[in-house]
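Peer 1: Sending over input05.cif (mmCIF, C-alpha atoms).
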```cif
data_data
loop_
_atom_site.label_atom_id
_atom_site.label_comp_id
_atom_site.auth_asym_id
_atom_site.auth_seq_id
_atom_site.Cartn_x
_atom_site.Cartn_y
_atom_site.Cartn_z
CA MET A 22 32.51 -36.76 50.77
CA ALA A 23 29.96 -35.97 48.06
CA PRO A 24 31.21 -33.35 45.61
CA TYR A 25 28.26 -31.05 46.27
CA GLN A 26 27.63 -30.08 49.90
CA ILE A 27 24.36 -28.25 50.51
CA ALA A 28 23.57 -26.20 53.61
CA VAL A 29 19.87 -26.56 54.45
CA VAL A 30 18.26 -23.70 56.35
CA VAL A 31 14.91 -24.57 57.94
CA GLY A 32 12.99 -21.49 59.09
CA SER A 33 11.17 -23.10 62.00
CA LEU A 34 12.60 -24.16 65.36
CA ARG A 35 9.60 -26.35 66.15
CA HIS A 36 10.59 -29.94 66.82
CA ASP A 37 7.88 -31.49 64.64
CA SER A 38 8.05 -28.78 61.98
CA TYR A 39 6.34 -29.74 58.72
CA ASN A 40 8.97 -27.74 56.89
CA ARG A 41 11.76 -29.77 58.46
CA LYS A 42 9.93 -32.92 57.38
CA LEU A 43 9.63 -31.47 53.89
CA ALA A 44 13.36 -30.73 53.85
CA ASN A 45 14.17 -34.26 55.01
CA ALA A 46 11.90 -35.79 52.37
CA VAL A 47 12.96 -33.65 49.41
CA VAL A 48 16.69 -34.21 49.90
CA LYS A 49 16.14 -37.96 49.42
CA LEU A 50 15.32 -37.18 45.78
CA ALA A 51 18.83 -35.83 45.13
CA PRO A 52 21.53 -37.76 43.25
CA ALA A 53 24.45 -39.43 45.03
CA ASP A 54 26.87 -36.61 44.34
CA PHE A 55 24.84 -34.26 46.58
CA SER A 56 24.82 -34.27 50.37
CA PHE A 57 22.71 -32.09 52.62
CA LYS A 58 23.21 -30.81 56.15
CA GLN A 59 20.74 -28.75 58.18
CA ILE A 60 22.53 -25.81 59.72
CA GLN A 61 21.61 -24.57 63.16
CA ILE A 62 20.04 -21.11 63.54
CA GLY A 63 18.27 -21.53 66.87
CA ASP A 64 21.29 -20.69 69.02
CA LEU A 65 22.12 -17.36 67.38
CA PRO A 66 21.79 -14.17 69.41
CA LEU A 67 19.45 -11.43 68.21
CA TYR A 68 21.42 -9.41 65.68
CA ASN A 69 22.92 -6.18 66.99
CA GLN A 70 25.14 -4.12 64.71
CA ASP A 71 27.23 -3.09 67.71
CA ASP A 72 28.60 -6.66 67.77
CA ASP A 73 29.75 -6.66 64.11
CA ALA A 74 33.42 -6.48 65.09
CA ASN A 75 33.01 -9.24 67.65
CA GLN A 76 30.61 -11.82 66.25
CA ALA A 77 29.43 -14.63 68.54
CA GLU A 78 30.86 -18.13 68.06
CA SER A 79 27.49 -19.35 66.80
CA VAL A 80 27.53 -16.62 64.14
CA LYS A 81 31.06 -17.54 63.06
CA ARG A 82 30.01 -21.19 62.81
CA LEU A 83 26.97 -20.23 60.71
CA LYS A 84 29.12 -18.18 58.36
CA ASN A 85 31.70 -20.96 58.03
CA GLU A 86 29.01 -23.51 57.20
CA ILE A 87 27.60 -21.25 54.50
CA THR A 88 30.99 -20.37 53.08
CA SER A 89 32.05 -24.00 52.81
CA ALA A 90 28.79 -25.11 51.15
CA HIS A 91 28.37 -25.32 47.38
CA GLY A 92 24.71 -24.43 47.56
CA LEU A 93 21.83 -23.55 49.86
CA LEU A 94 18.34 -24.90 50.39
CA PHE A 95 15.83 -22.75 52.28
CA VAL A 96 12.71 -24.50 53.57
CA THR A 97 10.53 -22.15 55.53
CA PRO A 98 7.14 -21.81 57.15
CA GLU A 99 5.13 -18.61 56.84
CA TYR A 100 4.63 -16.52 59.94
CA ASN A 101 2.34 -13.53 59.55
CA ARG A 102 2.65 -13.31 55.74
CA SER A 103 6.43 -13.34 55.80
CA ILE A 104 9.37 -15.45 56.89
CA PRO A 105 9.95 -16.16 60.59
CA GLY A 106 12.00 -13.58 62.46
CA VAL A 107 14.27 -16.48 63.37
CA LEU A 108 15.19 -17.03 59.71
CA LYS A 109 15.60 -13.34 58.95
CA ASN A 110 17.84 -13.01 62.00
CA ALA A 111 20.12 -15.74 60.60
CA ILE A 112 20.22 -14.05 57.20
CA ASP A 113 21.04 -10.71 58.83
CA HIS A 114 23.88 -12.22 60.90
CA ALA A 115 25.61 -14.00 58.03
CA SER A 116 25.36 -10.92 55.78
CA ARG A 117 27.45 -8.88 58.20
CA PRO A 118 29.70 -7.04 58.75
CA ASN A 119 29.46 -4.95 55.62
CA GLY A 120 31.73 -6.47 52.93
CA GLN A 121 31.84 -9.90 54.61
CA ASN A 122 28.52 -11.32 53.45
CA ALA A 123 28.78 -15.12 53.63
CA TRP A 124 25.75 -15.67 51.37
CA ALA A 125 27.15 -13.91 48.32
CA GLY A 126 27.14 -15.87 45.10
CA LYS A 127 25.72 -19.11 46.50
CA PRO A 128 23.11 -20.91 44.38
CA ALA A 129 19.92 -21.68 46.29
CA GLY A 130 16.48 -23.17 46.17
CA VAL A 131 13.42 -22.04 48.12
CA LEU A 132 10.69 -24.35 49.42
CA GLY A 133 7.91 -23.98 51.93
CA ALA A 134 4.69 -25.57 53.10
CA THR A 135 1.63 -24.07 54.78
CA PRO A 136 -1.95 -25.26 55.44
CA GLY A 137 -3.08 -23.27 52.37
CA THR A 138 -0.85 -22.23 49.48
CA SER A 139 -1.14 -18.43 49.67
CA GLY A 140 0.73 -18.29 52.99
CA THR A 141 3.87 -19.92 51.74
CA ALA A 142 3.69 -17.96 48.46
CA MET A 143 3.77 -14.66 50.36
CA ALA A 144 6.56 -15.83 52.68
CA GLN A 145 8.64 -17.09 49.76
CA GLN A 146 8.25 -13.80 47.91
CA HIS A 147 9.55 -11.89 50.95
CA LEU A 148 12.41 -14.38 51.22
CA ARG A 149 13.29 -13.93 47.54
CA ASN A 150 13.37 -10.14 48.02
CA VAL A 151 15.82 -10.60 50.88
CA LEU A 152 17.96 -13.17 49.07
CA VAL A 153 18.44 -10.72 46.20
CA ALA A 154 19.83 -8.23 48.69
CA VAL A 155 22.40 -10.73 49.97
CA ASP A 156 23.34 -11.81 46.42
CA VAL A 157 22.03 -15.36 46.62
CA LEU A 158 21.36 -16.89 43.19
CA THR A 159 17.90 -18.31 43.69
CA LEU A 160 16.35 -20.88 41.32
CA ALA A 161 13.31 -19.32 39.67
CA GLN A 162 11.00 -22.04 38.29
CA PRO A 163 9.48 -24.32 39.29
CA GLU A 164 8.14 -22.39 42.27
CA ALA A 165 6.88 -24.76 44.97
CA PHE A 166 3.97 -23.48 47.06
CA THR A 167 3.25 -26.64 48.99
CA GLN A 168 0.05 -27.34 50.88
CA ILE A 169 0.33 -29.42 54.04
CA LYS A 170 -2.20 -32.19 53.56
CA GLU A 171 -2.79 -35.90 53.99
CA GLY A 172 -0.55 -37.83 51.64
CA LEU A 173 2.16 -35.19 51.26
CA PHE A 174 4.45 -37.64 53.04
CA ASP A 175 4.25 -41.43 53.08
CA GLU A 176 4.67 -43.47 56.25
CA GLN A 177 8.45 -43.53 55.88
CA GLY A 178 8.64 -39.76 55.64
CA ASN A 179 9.25 -39.75 51.89
CA ILE A 180 7.38 -37.48 49.52
CA GLY A 181 4.08 -39.23 48.84
CA PRO A 182 3.16 -40.60 45.42
CA GLY A 183 0.86 -37.67 44.53
CA SER A 184 3.67 -35.10 44.83
CA LYS A 185 6.71 -37.18 43.92
CA LYS A 186 6.84 -36.28 40.22
CA PHE A 187 6.59 -32.57 41.04
CA PHE A 188 9.39 -32.66 43.62
CA GLN A 189 11.62 -34.93 41.54
CA ASN A 190 11.40 -32.39 38.73
CA TRP A 191 12.08 -29.61 41.24
CA MET A 192 15.15 -31.45 42.54
CA ASP A 193 16.47 -32.13 39.02
CA ARG A 194 16.22 -28.44 38.21
CA TYR A 195 17.78 -27.51 41.54
CA VAL A 196 20.71 -29.90 41.02
CA ALA A 197 21.39 -28.49 37.57
CA TRP A 198 21.21 -24.95 38.98
CA VAL A 199 23.70 -25.70 41.74
CA LYS A 200 26.09 -27.41 39.35
CA LYS A 201 25.95 -24.44 37.03
CA HIS A 202 26.71 -21.87 39.72
CA ALA A 203 28.73 -23.68 42.42
CA GLY A 204 32.29 -22.51 42.79
CA MET B 25 -0.81 9.85 83.11
CA ALA B 26 -1.48 11.06 79.56
CA PRO B 27 -4.74 9.72 78.13
CA TYR B 28 -3.01 8.16 75.12
CA GLN B 29 -0.13 5.78 75.84
CA ILE B 30 1.87 4.74 72.82
CA ALA B 31 4.18 1.73 72.67
CA VAL B 32 7.17 2.54 70.46
CA VAL B 33 8.90 -0.39 68.75
CA VAL B 34 12.37 0.40 67.38
CA GLY B 35 13.63 -2.29 64.99
CA SER B 36 17.34 -1.83 65.73
CA LEU B 37 19.24 -2.89 68.84
CA ARG B 38 22.21 -0.68 67.99
CA HIS B 39 22.98 1.81 70.74
CA ASP B 40 23.39 4.80 68.44
CA SER B 41 20.64 3.74 66.06
CA TYR B 42 19.44 6.51 63.74
CA ASN B 43 15.98 5.05 63.92
CA ARG B 44 15.96 5.32 67.70
CA LYS B 45 17.02 8.97 67.32
CA LEU B 46 14.23 9.44 64.81
CA ALA B 47 11.73 7.93 67.24
CA ASN B 48 12.96 10.18 70.06
CA ALA B 49 12.75 13.26 67.86
CA VAL B 50 9.36 12.62 66.29
CA VAL B 51 7.57 11.95 69.58
CA LYS B 52 8.47 15.46 70.71
CA LEU B 53 6.04 16.73 68.08
CA ALA B 54 3.09 15.05 69.77
CA PRO B 55 0.47 16.91 71.85
CA ALA B 56 0.44 16.78 75.67
CA ASP B 57 -2.26 14.11 75.83
CA PHE B 58 0.10 11.57 74.21
CA SER B 59 2.95 9.81 75.95
CA PHE B 60 5.43 7.39 74.36
CA LYS B 61 7.45 4.51 75.75
CA GLN B 62 9.99 2.41 73.85
CA ILE B 63 9.34 -1.25 74.50
CA GLN B 64 12.18 -3.71 74.79
CA ILE B 65 12.57 -6.43 72.15
CA GLY B 66 16.27 -7.22 72.55
CA ASP B 67 15.83 -9.69 75.41
CA LEU B 68 13.27 -11.92 73.71
CA PRO B 69 14.22 -15.50 72.88
CA LEU B 70 14.09 -16.68 69.27
CA TYR B 71 10.49 -17.66 68.63
CA ASN B 72 9.75 -21.39 68.82
CA GLN B 73 6.18 -22.59 68.48
CA ASP B 74 6.89 -25.41 70.93
CA ASP B 75 6.97 -22.75 73.69
CA ASP B 76 3.52 -21.29 72.87
CA ALA B 77 1.96 -22.81 75.99
CA ASN B 78 4.82 -21.58 78.17
CA GLN B 79 5.87 -18.13 76.94
CA ALA B 80 9.00 -16.57 78.45
CA GLU B 81 8.61 -13.73 80.95
CA SER B 82 10.03 -11.27 78.40
CA VAL B 83 7.34 -12.34 75.93
CA LYS B 84 4.59 -11.91 78.53
CA ARG B 85 5.93 -8.45 79.34
CA LEU B 86 5.97 -7.52 75.65
CA LYS B 87 2.40 -8.67 75.21
CA ASN B 88 1.25 -6.79 78.32
CA GLU B 89 2.88 -3.59 77.11
CA ILE B 90 1.18 -3.88 73.74
CA THR B 91 -2.18 -4.78 75.23
CA SER B 92 -2.15 -1.83 77.62
CA ALA B 93 -1.13 0.69 74.94
CA HIS B 94 -3.65 2.77 73.00
CA GLY B 95 -1.48 2.81 69.90
CA LEU B 96 1.79 1.69 68.38
CA LEU B 97 4.66 3.43 66.64
CA PHE B 98 7.10 1.33 64.61
CA VAL B 99 10.41 2.96 63.68
CA THR B 100 12.65 0.56 61.82
CA PRO B 101 15.85 0.35 59.85
CA GLU B 102 16.06 -1.73 56.68
CA TYR B 103 18.19 -4.84 56.73
CA ASN B 104 18.57 -6.66 53.41
CA ARG B 105 15.46 -5.09 51.80
CA SER B 106 13.19 -6.01 54.70
CA ILE B 107 12.74 -5.45 58.40
CA PRO B 108 15.33 -6.76 60.87
CA GLY B 109 14.84 -10.32 62.03
CA VAL B 110 14.85 -8.86 65.54
CA LEU B 111 11.67 -6.88 64.81
CA LYS B 112 9.94 -9.76 63.02
CA ASN B 113 10.79 -12.01 65.95
CA ALA B 114 9.01 -9.61 68.31
CA ILE B 115 5.98 -9.44 66.03
CA ASP B 116 5.87 -13.24 65.81
CA HIS B 117 6.06 -13.64 69.61
CA ALA B 118 3.28 -11.19 70.44
CA SER B 119 1.01 -12.67 67.77
CA ARG B 120 1.04 -16.06 69.46
CA PRO B 121 -0.39 -18.41 70.57
CA ASN B 122 -3.11 -18.64 67.96
CA GLY B 123 -6.13 -16.64 69.14
CA GLN B 124 -4.10 -14.55 71.61
CA ASN B 125 -2.58 -12.00 69.26
CA ALA B 126 -1.69 -8.92 71.34
CA TRP B 127 -1.40 -6.65 68.28
CA ALA B 128 -4.98 -7.04 67.10
CA GLY B 129 -6.91 -3.84 66.55
CA LYS B 130 -4.18 -1.42 67.66
CA PRO B 131 -3.76 1.73 65.57
CA ALA B 132 -0.18 2.26 64.41
CA GLY B 133 2.22 4.43 62.50
CA VAL B 134 5.27 3.28 60.56
CA LEU B 135 8.47 5.30 60.18
CA GLY B 136 11.99 4.49 59.07
CA ALA B 137 15.22 6.06 57.94
CA THR B 138 18.00 4.73 55.70
CA PRO B 139 20.97 6.28 53.87
CA GLY B 140 18.86 6.34 50.69
CA THR B 141 15.07 6.27 50.54
CA SER B 142 14.46 3.04 48.61
CA GLY B 143 15.78 0.88 51.46
CA THR B 144 13.31 2.11 54.03
CA ALA B 145 10.50 2.05 51.45
CA MET B 146 11.05 -1.67 50.83
CA ALA B 147 11.38 -2.45 54.53
CA GLN B 148 8.22 -0.52 55.36
CA GLN B 149 6.25 -2.34 52.65
CA HIS B 150 7.27 -5.69 54.12
CA LEU B 151 6.34 -4.42 57.57
CA ARG B 152 2.93 -3.27 56.35
CA ASN B 153 2.30 -6.72 54.82
CA VAL B 154 3.09 -8.30 58.18
CA LEU B 155 1.03 -5.79 60.18
CA VAL B 156 -2.04 -6.62 58.07
CA ALA B 157 -1.60 -10.24 59.08
CA VAL B 158 -1.60 -9.36 62.79
CA ASP B 159 -4.59 -7.00 62.38
CA VAL B 160 -2.77 -3.76 63.18
CA LEU B 161 -4.55 -0.68 61.82
CA THR B 162 -1.71 1.14 60.12
CA LEU B 163 -1.92 4.80 59.09
CA ALA B 164 -1.69 4.99 55.29
CA GLN B 165 -0.63 8.51 54.23
CA PRO B 166 1.60 10.34 54.63
CA GLU B 167 4.19 7.64 54.06
CA ALA B 168 7.57 8.67 55.47
CA PHE B 169 10.61 7.32 53.64
CA THR B 170 13.27 9.25 55.48
CA GLN B 171 16.82 9.72 54.27
CA ILE B 172 19.55 9.92 56.92
CA LYS B 173 21.42 13.10 56.10
CA GLU B 174 22.99 16.17 57.61
CA GLY B 175 20.32 18.37 59.14
CA LEU B 176 17.74 15.67 59.75
CA PHE B 177 18.28 16.36 63.46
CA ASP B 178 19.34 19.59 65.11
CA GLU B 179 21.99 19.69 67.84
CA GLN B 180 19.42 19.01 70.55
CA GLY B 181 18.18 15.87 68.78
CA ASN B 182 15.00 17.50 67.54
CA ILE B 183 13.80 17.16 63.96
CA GLY B 184 15.74 19.78 62.00
CA PRO B 185 14.06 22.79 60.38
CA GLY B 186 14.08 21.28 56.87
CA SER B 187 11.97 18.29 57.89
CA LYS B 188 9.92 19.74 60.73
CA LYS B 189 6.84 20.67 58.73
CA PHE B 190 6.70 17.21 57.15
CA PHE B 191 6.96 15.38 60.48
CA GLN B 192 4.56 17.75 62.27
CA ASN B 193 1.97 16.99 59.62
CA TRP B 194 2.76 13.28 59.97
CA MET B 195 2.30 13.47 63.74
CA ASP B 196 -0.98 15.39 63.44
CA ARG B 197 -2.33 12.72 61.13
CA TYR B 198 -1.02 9.97 63.40
CA VAL B 199 -2.61 11.52 66.49
CA ALA B 200 -5.99 11.79 64.74
CA TRP B 201 -5.68 8.18 63.58
CA VAL B 202 -4.94 6.89 67.07
CA LYS B 203 -7.79 8.90 68.60
CA LYS B 204 -10.18 7.52 66.03
CA HIS B 205 -9.23 3.88 66.61
CA ALA B 206 -7.99 3.63 70.21
CA GLY B 207 -10.19 1.58 72.52
#
```
Go ahead and render the structure in this file as structure tokens.
Peer 2:
Amino acid sequence: MAPYQIAVVVGSLRHDSYNRKLANAVVKLAPADFSFKQIQIGDLPLYNQDDDANQAESVKRLKNEITSAHGLLFVTPEYNRSIPGVLKNAIDHASRPNGQNAWAGKPAGVLGATPGTSGTAMAQQHLRNVLVAVDVLTLAQPEAFTQIKEGLFDEQGNIGPGSKKFFQNWMDRYVAWVKKHAG
Amino acid sequence: MAPYQIAVVVGSLRHDSYNRKLANAVVKLAPADFSFKQIQIGDLPLYNQDDDANQAESVKRLKNEITSAHGLLFVTPEYNRSIPGVLKNAIDHASRPNGQNAWAGKPAGVLGATPGTSGTAMAQQHLRNVLVAVDVLTLAQPEAFTQIKEGLFDEQGNIGPGSKKFFQNWMDRYVAWVKKHAG
């Protein structure tokens, strides 16, 4: 097992999500001592504080996957100038109950792609606000406000040549960040 | 039936939610030509764009309730410096599919209560960002960053004497705003 296990949280449930493709492509740029696993958020219930003492099995699984990871990678679409409710619901669940926040102290990176670049910028800023609240240590620069366009991916689903240098640099910074803060 | 029907959206699913109590108390300050109904968001599925062409019955109901209302009232807790995922999920659902956004053009007010006042302020700012995206016409001032404290409600669940003048003024401004923009 690779020394650094990363839990990848994709904000969209759509099967052909561009952000899932982006996640799949970017993780190929990581070194051999990193492995990545997308964690499931689509089977969580809607968060209700009344259930804090009796969390659903899917919530327990989510929290275990976060707790056992060395780092986090959020890759999210923008819905209505913010993150999807689906993603926020997952963050809310794993932050609870009070004092048992699974996110705390984990190093993380934030990525996102939208048809323009302002959409993902606004969504990522909201996400960063929320991640501060749950004590996630989020990589600052380079920010990555990715535009979905022809050539972003090659035919094998890798990052295309025009963006490869940018994302390789992003990944190198991310890897160093995780190593510095993991465990 | 009162001439002005308002759809109330409470961001918490908790049974004894302070924000639900706040909603119930504030609507009592409205004039007789306004009636208020809390709309259900706790039975919605997690939003998935793949279902846009085949929205769940609960989503159709939500959209019908919004469409038939003359105005909206959002009363939300703060979770992790933003709105609950549960509320964002409802906003995402009713904004879709593209071109069939049920929120568009509806006048609205935003309220919220937290143990301090900075929490609800941050949550309400995120909510206002999102409401711009879905073309909701949100009352600007007075902003209401309400602190949950002894005396906020009286024993009958009305707004207590210390806050009554503030909320009556808020309601008067809200009523004028809805009348100006409804239909």
Peer 1: Given the file above and the PyMOL selection byres ((chain A) within 12 of (chain B)), which residues are selected, and can you give them as a ChimeraX atom specification?
Peer 2: /A:32-38,62-73,98-119,122,124,140,143-144,146-157
Peer 1: Please, can I see chain A fitted onto chain B by all in-order Cα atoms (least squares), as a compact mmCIF listing (two decimals) with C-alpha atoms, in the frame of the given file?
Peer 2:
```txt
# COMPACT_ATOMS: atom_id res chain seq x y z
CA MET A 22 -0.84 9.82 83.09
CA ALA A 23 -1.51 11.06 79.55
CA PRO A 24 -4.75 9.70 78.13
CA TYR A 25 -3.01 8.16 75.12
CA GLN A 26 -0.13 5.78 75.85
CA ILE A 27 1.88 4.74 72.81
CA ALA A 28 4.19 1.73 72.66
CA VAL A 29 7.18 2.53 70.44
CA VAL A 30 8.89 -0.39 68.74
CA VAL A 31 12.35 0.41 67.37
CA GLY A 32 13.64 -2.28 64.99
CA SER A 33 17.34 -1.85 65.72
CA LEU A 34 19.25 -2.89 68.84
CA ARG A 35 22.21 -0.68 67.98
CA HIS A 36 22.99 1.80 70.74
CA ASP A 37 23.39 4.80 68.43
CA SER A 38 20.62 3.73 66.06
CA TYR A 39 19.45 6.50 63.73
CA ASN A 40 15.98 5.04 63.92
CA ARG A 41 15.95 5.33 67.70
CA LYS A 42 17.02 8.95 67.32
CA LEU A 43 14.23 9.45 64.81
CA ALA A 44 11.73 7.94 67.24
CA ASN A 45 12.97 10.17 70.06
CA ALA A 46 12.75 13.27 67.86
CA VAL A 47 9.36 12.61 66.29
CA VAL A 48 7.58 11.94 69.58
CA LYS A 49 8.47 15.47 70.73
CA LEU A 50 6.04 16.74 68.07
CA ALA A 51 3.08 15.05 69.77
CA PRO A 52 0.48 16.91 71.86
CA ALA A 53 0.44 16.77 75.66
CA ASP A 54 -2.25 14.12 75.83
CA PHE A 55 0.10 11.57 74.21
CA SER A 56 2.96 9.78 75.94
CA PHE A 57 5.41 7.39 74.35
CA LYS A 58 7.45 4.51 75.74
CA GLN A 59 9.98 2.41 73.84
CA ILE A 60 9.33 -1.25 74.50
CA GLN A 61 12.17 -3.70 74.80
CA ILE A 62 12.58 -6.43 72.15
CA GLY A 63 16.27 -7.22 72.55
CA ASP A 64 15.83 -9.68 75.41
CA LEU A 65 13.27 -11.93 73.70
CA PRO A 66 14.22 -15.51 72.87
CA LEU A 67 14.08 -16.69 69.27
CA TYR A 68 10.48 -17.68 68.63
CA ASN A 69 9.76 -21.40 68.83
CA GLN A 70 6.18 -22.60 68.48
CA ASP A 71 6.90 -25.40 70.93
CA ASP A 72 6.98 -22.75 73.68
CA ASP A 73 3.52 -21.29 72.87
CA ALA A 74 1.97 -22.80 75.99
CA ASN A 75 4.82 -21.58 78.17
CA GLN A 76 5.87 -18.15 76.94
CA ALA A 77 9.00 -16.57 78.44
CA GLU A 78 8.62 -13.73 80.95
CA SER A 79 10.03 -11.28 78.42
CA VAL A 80 7.34 -12.34 75.93
CA LYS A 81 4.59 -11.91 78.53
CA ARG A 82 5.94 -8.45 79.35
CA LEU A 83 5.99 -7.52 75.65
CA LYS A 84 2.40 -8.67 75.22
CA ASN A 85 1.25 -6.79 78.32
CA GLU A 86 2.90 -3.58 77.13
CA ILE A 87 1.18 -3.87 73.76
CA THR A 88 -2.18 -4.77 75.24
CA SER A 89 -2.14 -1.83 77.63
CA ALA A 90 -1.12 0.70 74.94
CA HIS A 91 -3.65 2.76 73.00
CA GLY A 92 -1.49 2.82 69.91
CA LEU A 93 1.79 1.69 68.38
CA LEU A 94 4.66 3.43 66.64
CA PHE A 95 7.09 1.33 64.60
CA VAL A 96 10.40 2.96 63.68
CA THR A 97 12.63 0.57 61.82
CA PRO A 98 15.85 0.34 59.86
CA GLU A 99 16.06 -1.73 56.69
CA TYR A 100 18.19 -4.84 56.74
CA ASN A 101 18.57 -6.63 53.43
CA ARG A 102 15.46 -5.09 51.81
CA SER A 103 13.20 -6.01 54.69
CA ILE A 104 12.73 -5.46 58.40
CA PRO A 105 15.33 -6.75 60.87
CA GLY A 106 14.85 -10.32 62.05
CA VAL A 107 14.85 -8.85 65.54
CA LEU A 108 11.67 -6.88 64.82
CA LYS A 109 9.95 -9.74 63.03
CA ASN A 110 10.79 -12.01 65.96
CA ALA A 111 9.00 -9.60 68.32
CA ILE A 112 5.97 -9.44 66.04
CA ASP A 113 5.88 -13.24 65.82
CA HIS A 114 6.07 -13.63 69.62
CA ALA A 115 3.28 -11.19 70.45
CA SER A 116 0.99 -12.67 67.77
CA ARG A 117 1.03 -16.05 69.48
CA PRO A 118 -0.38 -18.42 70.55
CA ASN A 119 -3.10 -18.64 67.95
CA GLY A 120 -6.14 -16.64 69.14
CA GLN A 121 -4.11 -14.56 71.62
CA ASN A 122 -2.60 -12.00 69.26
CA ALA A 123 -1.69 -8.93 71.34
CA TRP A 124 -1.40 -6.65 68.29
CA ALA A 125 -4.98 -7.04 67.11
CA GLY A 126 -6.92 -3.85 66.55
CA LYS A 127 -4.20 -1.43 67.66
CA PRO A 128 -3.76 1.74 65.58
CA ALA A 129 -0.18 2.26 64.42
CA GLY A 130 2.20 4.42 62.49
CA VAL A 131 5.27 3.28 60.54
CA LEU A 132 8.48 5.29 60.18
CA GLY A 133 11.98 4.46 59.07
CA ALA A 134 15.22 6.04 57.94
CA THR A 135 17.99 4.72 55.70
CA PRO A 136 20.97 6.29 53.87
CA GLY A 137 18.87 6.34 50.67
CA THR A 138 15.08 6.28 50.53
CA SER A 139 14.47 3.05 48.60
CA GLY A 140 15.78 0.90 51.46
CA THR A 141 13.32 2.11 54.02
CA ALA A 142 10.49 2.05 51.45
CA MET A 143 11.06 -1.67 50.82
CA ALA A 144 11.38 -2.46 54.54
CA GLN A 145 8.22 -0.51 55.36
CA GLN A 146 6.26 -2.33 52.66
CA HIS A 147 7.28 -5.70 54.12
CA LEU A 148 6.34 -4.42 57.58
CA ARG A 149 2.93 -3.27 56.34
CA ASN A 150 2.31 -6.72 54.82
CA VAL A 151 3.08 -8.29 58.20
CA LEU A 152 1.03 -5.78 60.19
CA VAL A 153 -2.02 -6.61 58.08
CA ALA A 154 -1.61 -10.23 59.08
CA VAL A 155 -1.61 -9.35 62.79
CA ASP A 156 -4.59 -6.99 62.38
CA VAL A 157 -2.77 -3.76 63.17
CA LEU A 158 -4.56 -0.67 61.81
CA THR A 159 -1.72 1.13 60.11
CA LEU A 160 -1.92 4.81 59.08
CA ALA A 161 -1.68 5.01 55.30
CA GLN A 162 -0.64 8.53 54.22
CA PRO A 163 1.60 10.36 54.61
CA GLU A 164 4.19 7.64 54.06
CA ALA A 165 7.57 8.67 55.47
CA PHE A 166 10.61 7.31 53.64
CA THR A 167 13.27 9.25 55.48
CA GLN A 168 16.83 9.72 54.27
CA ILE A 169 19.54 9.92 56.91
CA LYS A 170 21.40 13.11 56.10
CA GLU A 171 23.00 16.18 57.62
CA GLY A 172 20.33 18.38 59.14
CA LEU A 173 17.74 15.67 59.75
CA PHE A 174 18.27 16.34 63.45
CA ASP A 175 19.35 19.58 65.11
CA GLU A 176 21.98 19.70 67.85
CA GLN A 177 19.40 19.00 70.55
CA GLY A 178 18.18 15.88 68.79
CA ASN A 179 14.98 17.50 67.53
CA ILE A 180 13.79 17.16 63.96
CA GLY A 181 15.73 19.77 62.00
CA PRO A 182 14.06 22.77 60.39
CA GLY A 183 14.08 21.27 56.86
CA SER A 184 11.96 18.27 57.89
CA LYS A 185 9.92 19.72 60.75
CA LYS A 186 6.84 20.68 58.72
CA PHE A 187 6.70 17.22 57.15
CA PHE A 188 6.95 15.39 60.48
CA GLN A 189 4.57 17.75 62.28
CA ASN A 190 1.98 16.98 59.62
CA TRP A 191 2.77 13.28 59.97
CA MET A 192 2.31 13.47 63.74
CA ASP A 193 -0.98 15.39 63.44
CA ARG A 194 -2.33 12.71 61.14
CA TYR A 195 -1.01 9.97 63.40
CA VAL A 196 -2.61 11.52 66.49
CA ALA A 197 -5.97 11.80 64.75
CA TRP A 198 -5.66 8.18 63.59
CA VAL A 199 -4.93 6.90 67.08
CA LYS A 200 -7.77 8.89 68.59
CA LYS A 201 -10.16 7.51 66.02
CA HIS A 202 -9.23 3.88 66.60
CA ALA A 203 -8.00 3.64 70.22
CA GLY A 204 -10.18 1.60 72.51
```
Peer 1: Mind giving me the straight-line distance from atom CA of B:Arg85 to atom CA of B:Leu53 in Å, one decimal?
Peer 2: 27.6 Å
Peer 1: Care to translate the PyMOL selection byres ((chain A and resi 51) around 12) into actual residues of this file, as a count of residues only?
Peer 2: 28
Peer 1: For atom CA of B:Lys203 and atom CA of B:Ile63, determine how far apart the two atoms are, in Å to one decimal place.
Peer 2: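 Taking atom CA of B:Lys203 as the start and atom CA of B:Ile63 as the end point, the length is 20.8 Å.
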Peer 1: Would you work out the distance separating atom CA of A:Val80 from atom CA of A:Ala203, expressed in Å to one decimal?
Peer 2: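 Atom CA of A:Ala203 lies at a distance of 22.9 Å from atom CA of A:Val80.
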Peer 1: Apply the PyMOL selection byres ((chain B and resi 140) around 8) to the displayed file and report the matching residues as a list in words.
Peer 2: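 Selection result, ordered by chain and number: Thr138, Pro139, Thr141, Ser142, Gly143, Thr144, Thr170, Gln171 and Ile172 of chain B.
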Peer 1: May I have the residues within 8 Å of stretch 97-99 of chain B as a tab-separated table (two decimals) with C-alpha atoms, in the coordinates of the input, using all atoms listed in the file and disregarding those fewer than 5 positions away in the same chain?
Peer 2:
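Written output follows (result03.tsv):
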```tsv
chain	number	residue	atom	x	y	z
B	30	ILE	CA	1.87	4.74	72.82
B	31	ALA	CA	4.18	1.73	72.67
B	32	VAL	CA	7.17	2.54	70.46
B	33	VAL	CA	8.90	-0.39	68.75
B	34	VAL	CA	12.37	0.40	67.38
B	35	GLY	CA	13.63	-2.29	64.99
B	43	ASN	CA	15.98	5.05	63.92
B	44	ARG	CA	15.96	5.32	67.70
B	46	LEU	CA	14.23	9.44	64.81
B	47	ALA	CA	11.73	7.93	67.24
B	132	ALA	CA	-0.18	2.26	64.41
B	133	GLY	CA	2.22	4.43	62.50
B	134	VAL	CA	5.27	3.28	60.56
B	135	LEU	CA	8.47	5.30	60.18
B	136	GLY	CA	11.99	4.49	59.07
```
